[in-house]
Amino acid sequence: GRGMMQAPLSTGPVKPLERTENAYDINKAKPTTHYDLVMKELRGLLNKLTLTNFDKLSADIVQIQMTDPEELKGIVSTIFDKSLEEAHFCNMYARLCNQIKDKLPKFPEPDQPETDPAPGAEKPAKKELTFKRCLLNKCQEEFERADRYDELADADASPAERAAKSRKVRVRMLGNIKFIGELFVYRILNEKIMHECVKRLLSSTDEDTIECLCKLMATIGKLLDHPKAKHYMDYYFDQMAATAEVVGKLPNGNRLKFMLRDTVDLRKANWVPRRESAGPKTIEQIRREAAKEGIVAGPIPPP
């Protein structure tokens, strides 16, 4: 009943707890090397990064003390991965790269062979590993990873497992192409990389790939579409128009068909979009828009 006293669980002496082999050790989770400390500090700042605190936290990232080229490479890889995890904010991460690219330390390129200069000539300067160079190398690594995913697939895996692996690699590749497009807008990457991205996406009837191609063209098309590249751009858009007809005949393919046609029309309209693209906004921007539309009372906040 309610009033009854509960009997003690044990009446004898309590055996002390014994530590098991796989016991959690808080010290194992702590950073042990300078590289670990740098990555922990970077991830902590990136996790708090928003459009509102952007200037302060990007300045804090520049202040991270780096002593090794591997730490610079780690910073690039971490920002790449973060832009993939939070695709809606990939423009913000591209802006971050633009903000810090000339402010981070440079290191001598590792593993450069020592060469003696010709008689009377000066010794050639060693190449430097910069943030921008690490970005270029990372882009190339991602392309190579996508190219060899079939080789990495387990031969014993089932068709369903191989298809899942293939899709995972493809989704990562498409996410990175989107980020690469945003980097190109800031002129951090060159046109050659962007043409390589577009060629990888052309002629596919895969939904994710078509969507990526259309978004990429909406982001970078105006910058690529100049007289010297007209031959390439004409070819790309002929391919996209042809793909629109192919996917339009597939089950549920109308959405992709009109997405491709809208992108073709965007070029015909000299890259002037019919409506402003939605992206992340600061609280101040949201308040100003709400005041303009009469959603909130009071004067419109200053820009």
# chains A, B, ... in the order shown; residues from 1 in each chain; ligands from 1
>>> residues_around(residues="A:Asp225", least_positions_apart="3", cutoff="12 Å", atoms="only C-alpha atoms", output="PyMOL selection string")
chain A and resi 191+194-195+217-222+228-237+266-268+270-271
>>> write_last_selection(atoms="N, CA, C and O atoms", output="CSV table (one decimal), in the first residue's frame")
chain,number,residue,atom,x,y,z
A,191,GLU,N,37.6,30.4,-63.7
A,191,GLU,CA,36.6,29.9,-64.7
A,191,GLU,C,36.8,28.5,-65.1
A,191,GLU,O,35.8,27.7,-65.3
A,194,MET,N,35.0,26.1,-63.0
A,194,MET,CA,33.5,26.2,-63.1
A,194,MET,C,33.1,25.5,-64.4
A,194,MET,O,32.1,24.8,-64.4
A,195,HIS,N,33.8,25.6,-65.5
A,195,HIS,CA,33.5,24.9,-66.7
A,195,HIS,C,33.6,23.3,-66.5
A,195,HIS,O,32.8,22.6,-67.0
A,217,MET,N,23.9,27.4,-62.5
A,217,MET,CA,23.8,28.4,-63.5
A,217,MET,C,23.1,29.7,-63.1
A,217,MET,O,23.5,30.8,-63.5
A,218,ALA,N,22.1,29.6,-62.2
A,218,ALA,CA,21.5,30.8,-61.6
A,218,ALA,C,22.5,31.6,-60.8
A,218,ALA,O,22.5,32.8,-60.7
A,219,THR,N,23.5,30.9,-60.2
A,219,THR,CA,24.5,31.6,-59.3
A,219,THR,C,25.6,32.2,-60.2
A,219,THR,O,26.0,33.3,-60.0
A,220,ILE,N,26.2,31.4,-61.2
A,220,ILE,CA,27.4,31.8,-61.9
A,220,ILE,C,27.2,32.1,-63.3
A,220,ILE,O,28.1,32.6,-64.0
A,221,GLY,N,26.0,31.8,-63.9
A,221,GLY,CA,25.8,31.9,-65.3
A,221,GLY,C,26.2,33.3,-65.9
A,221,GLY,O,26.8,33.4,-66.9
A,222,LYS,N,25.8,34.4,-65.2
A,222,LYS,CA,26.0,35.7,-65.7
A,222,LYS,C,27.5,36.0,-65.8
A,222,LYS,O,28.0,36.7,-66.7
A,228,LYS,N,34.0,35.5,-75.0
A,228,LYS,CA,35.0,34.5,-75.1
A,228,LYS,C,34.5,33.1,-74.8
A,228,LYS,O,35.0,32.1,-75.3
A,229,ALA,N,33.5,33.0,-74.0
A,229,ALA,CA,33.0,31.7,-73.6
A,229,ALA,C,31.6,31.4,-74.2
A,229,ALA,O,31.0,30.4,-73.9
A,230,LYS,N,31.2,32.2,-75.2
A,230,LYS,CA,29.9,32.1,-75.8
A,230,LYS,C,29.8,30.7,-76.5
A,230,LYS,O,28.7,30.0,-76.3
A,231,HIS,N,30.8,30.2,-77.1
A,231,HIS,CA,30.7,28.8,-77.7
A,231,HIS,C,30.4,27.8,-76.7
A,231,HIS,O,29.5,26.9,-76.9
A,232,TYR,N,31.1,27.8,-75.5
A,232,TYR,CA,30.8,26.8,-74.5
A,232,TYR,C,29.4,27.0,-73.9
A,232,TYR,O,28.7,26.0,-73.8
A,233,MET,N,29.0,28.3,-73.7
A,233,MET,CA,27.7,28.5,-73.1
A,233,MET,C,26.6,28.1,-74.0
A,233,MET,O,25.5,27.5,-73.6
A,234,ASP,N,26.7,28.3,-75.3
A,234,ASP,CA,25.7,27.9,-76.3
A,234,ASP,C,25.5,26.4,-76.2
A,234,ASP,O,24.4,25.9,-76.3
A,235,TYR,N,26.7,25.7,-76.2
A,235,TYR,CA,26.7,24.2,-76.1
A,235,TYR,C,26.0,23.8,-74.8
A,235,TYR,O,25.1,22.9,-74.9
A,236,TYR,N,26.3,24.4,-73.7
A,236,TYR,CA,25.7,23.9,-72.4
A,236,TYR,C,24.2,24.1,-72.5
A,236,TYR,O,23.4,23.2,-72.1
A,237,PHE,N,23.7,25.2,-73.0
A,237,PHE,CA,22.3,25.5,-73.0
A,237,PHE,C,21.5,24.7,-74.1
A,237,PHE,O,20.3,24.3,-73.9
A,266,LEU,N,16.2,32.2,-68.3
A,266,LEU,CA,17.0,33.2,-67.5
A,266,LEU,C,18.1,33.7,-68.3
A,266,LEU,O,18.4,34.9,-68.3
A,267,ARG,N,18.8,32.9,-69.1
A,267,ARG,CA,19.9,33.4,-70.0
A,267,ARG,C,19.3,34.3,-71.1
A,267,ARG,O,19.9,35.4,-71.4
A,268,LYS,N,18.2,33.9,-71.6
A,268,LYS,CA,17.5,34.7,-72.7
A,268,LYS,C,17.2,36.1,-72.1
A,268,LYS,O,17.1,37.1,-72.9
A,270,ASN,N,18.9,37.9,-70.2
A,270,ASN,CA,20.1,38.5,-69.7
A,270,ASN,C,20.4,38.3,-68.2
A,270,ASN,O,20.9,39.2,-67.6
A,271,TRP,N,20.0,37.2,-67.7
A,271,TRP,CA,20.3,36.8,-66.3
A,271,TRP,C,19.6,37.7,-65.3
A,271,TRP,O,20.0,37.8,-64.2
>>> atom_distance(atom1="atom CA of A:Arg255", atom2="atom CA of A:Ala242")
15.1 Å
>>> atom_distance(atom1="atom CA of A:Leu136", atom2="atom CA of A:Tyr186")
14.0 Å
>>> residues_around(residues="A:Asn98", least_positions_apart="3", cutoff="12 Å", atoms="only C-alpha atoms", output="short mmCIF file (atom, residue, chain, number, x, y, z; two decimals) with N, CA and C atoms, in the first residue's frame")
data_model
loop_
_atom_site.label_atom_id
_atom_site.label_comp_id
_atom_site.auth_asym_id
_atom_site.auth_seq_id
_atom_site.Cartn_x
_atom_site.Cartn_y
_atom_site.Cartn_z
N SER A 58 34.60 35.94 -37.86
CA SER A 58 35.59 35.75 -38.93
C SER A 58 36.93 36.34 -38.50
N VAL A 62 40.66 34.31 -37.92
CA VAL A 62 41.97 34.77 -38.41
C VAL A 62 43.00 34.75 -37.27
N ASN A 91 26.58 30.23 -49.06
CA ASN A 91 27.02 31.57 -49.46
C ASN A 91 27.77 32.25 -48.32
N MET A 92 27.29 32.04 -47.09
CA MET A 92 27.96 32.64 -45.93
C MET A 92 29.37 32.06 -45.76
N TYR A 93 29.51 30.74 -45.99
CA TYR A 93 30.83 30.11 -45.85
C TYR A 93 31.77 30.55 -46.98
N ALA A 94 31.22 30.80 -48.18
CA ALA A 94 32.04 31.34 -49.27
C ALA A 94 32.49 32.76 -48.92
N ARG A 95 31.58 33.52 -48.35
CA ARG A 95 31.93 34.88 -47.91
C ARG A 95 33.01 34.84 -46.83
N LYS A 101 40.86 34.81 -46.65
CA LYS A 101 41.82 34.17 -47.56
C LYS A 101 43.19 34.84 -47.57
N ASP A 102 43.24 36.17 -47.40
CA ASP A 102 44.52 36.88 -47.45
C ASP A 102 45.08 37.18 -46.06
N LYS A 103 44.39 36.71 -45.03
CA LYS A 103 44.80 37.07 -43.67
C LYS A 103 45.38 35.89 -42.88
N LEU A 104 45.27 34.68 -43.42
CA LEU A 104 45.81 33.51 -42.73
C LEU A 104 47.28 33.32 -43.10
N PHE A 131 46.00 29.73 -48.19
CA PHE A 131 44.61 29.31 -48.01
C PHE A 131 43.96 29.06 -49.37
N LYS A 132 44.20 29.97 -50.34
CA LYS A 132 43.59 29.83 -51.66
C LYS A 132 44.10 28.57 -52.36
N LEU A 135 42.38 25.61 -51.03
CA LEU A 135 41.02 25.52 -51.58
C LEU A 135 41.04 24.83 -52.95
N GLU A 182 29.67 29.33 -55.36
CA GLU A 182 29.65 30.52 -54.50
C GLU A 182 31.07 31.10 -54.35
N LEU A 183 32.09 30.23 -54.28
CA LEU A 183 33.47 30.70 -54.21
C LEU A 183 33.85 31.45 -55.49
N PHE A 184 33.34 30.97 -56.63
CA PHE A 184 33.64 31.62 -57.91
C PHE A 184 33.04 33.03 -57.97
N VAL A 185 31.86 33.20 -57.37
CA VAL A 185 31.22 34.52 -57.35
C VAL A 185 32.15 35.54 -56.69
N TYR A 186 32.89 35.09 -55.67
CA TYR A 186 33.86 35.98 -55.00
C TYR A 186 35.21 36.00 -55.70
N ARG A 187 35.29 35.33 -56.86
CA ARG A 187 36.52 35.28 -57.67
C ARG A 187 37.67 34.61 -56.92
N ILE A 188 37.34 33.71 -56.01
CA ILE A 188 38.39 32.96 -55.30
C ILE A 188 38.88 31.83 -56.19
N LEU A 189 37.96 31.24 -56.97
CA LEU A 189 38.31 30.18 -57.91
C LEU A 189 38.18 30.71 -59.34
#
>>> select_by_dssp(residues="stretch 172-214 of chain A", states="helix (DSSP H, G or I)", output="ChimeraX atom specification")
/A:172-185,191-201,207-214
>>> atom_distance(atom1="atom CA of A:Leu223", atom2="atom CA of A:Arg275")
18.9 Å
>>> closest_residue(among="A:Lys215, A:Lys249, A:Arg200, A:His34", to="A:Val264", atoms="only C-alpha atoms")
A:Lys215
>>> residues_around(residues="A:Ile75", least_positions_apart="6", cutoff="12 Å", atoms="only C-alpha atoms", output="MDAnalysis selection string")
chainID A and resid 35:43 45:46 61:62 64:66 68:69 81:82 96:97 100:101 104:105 130:132 134:135 138
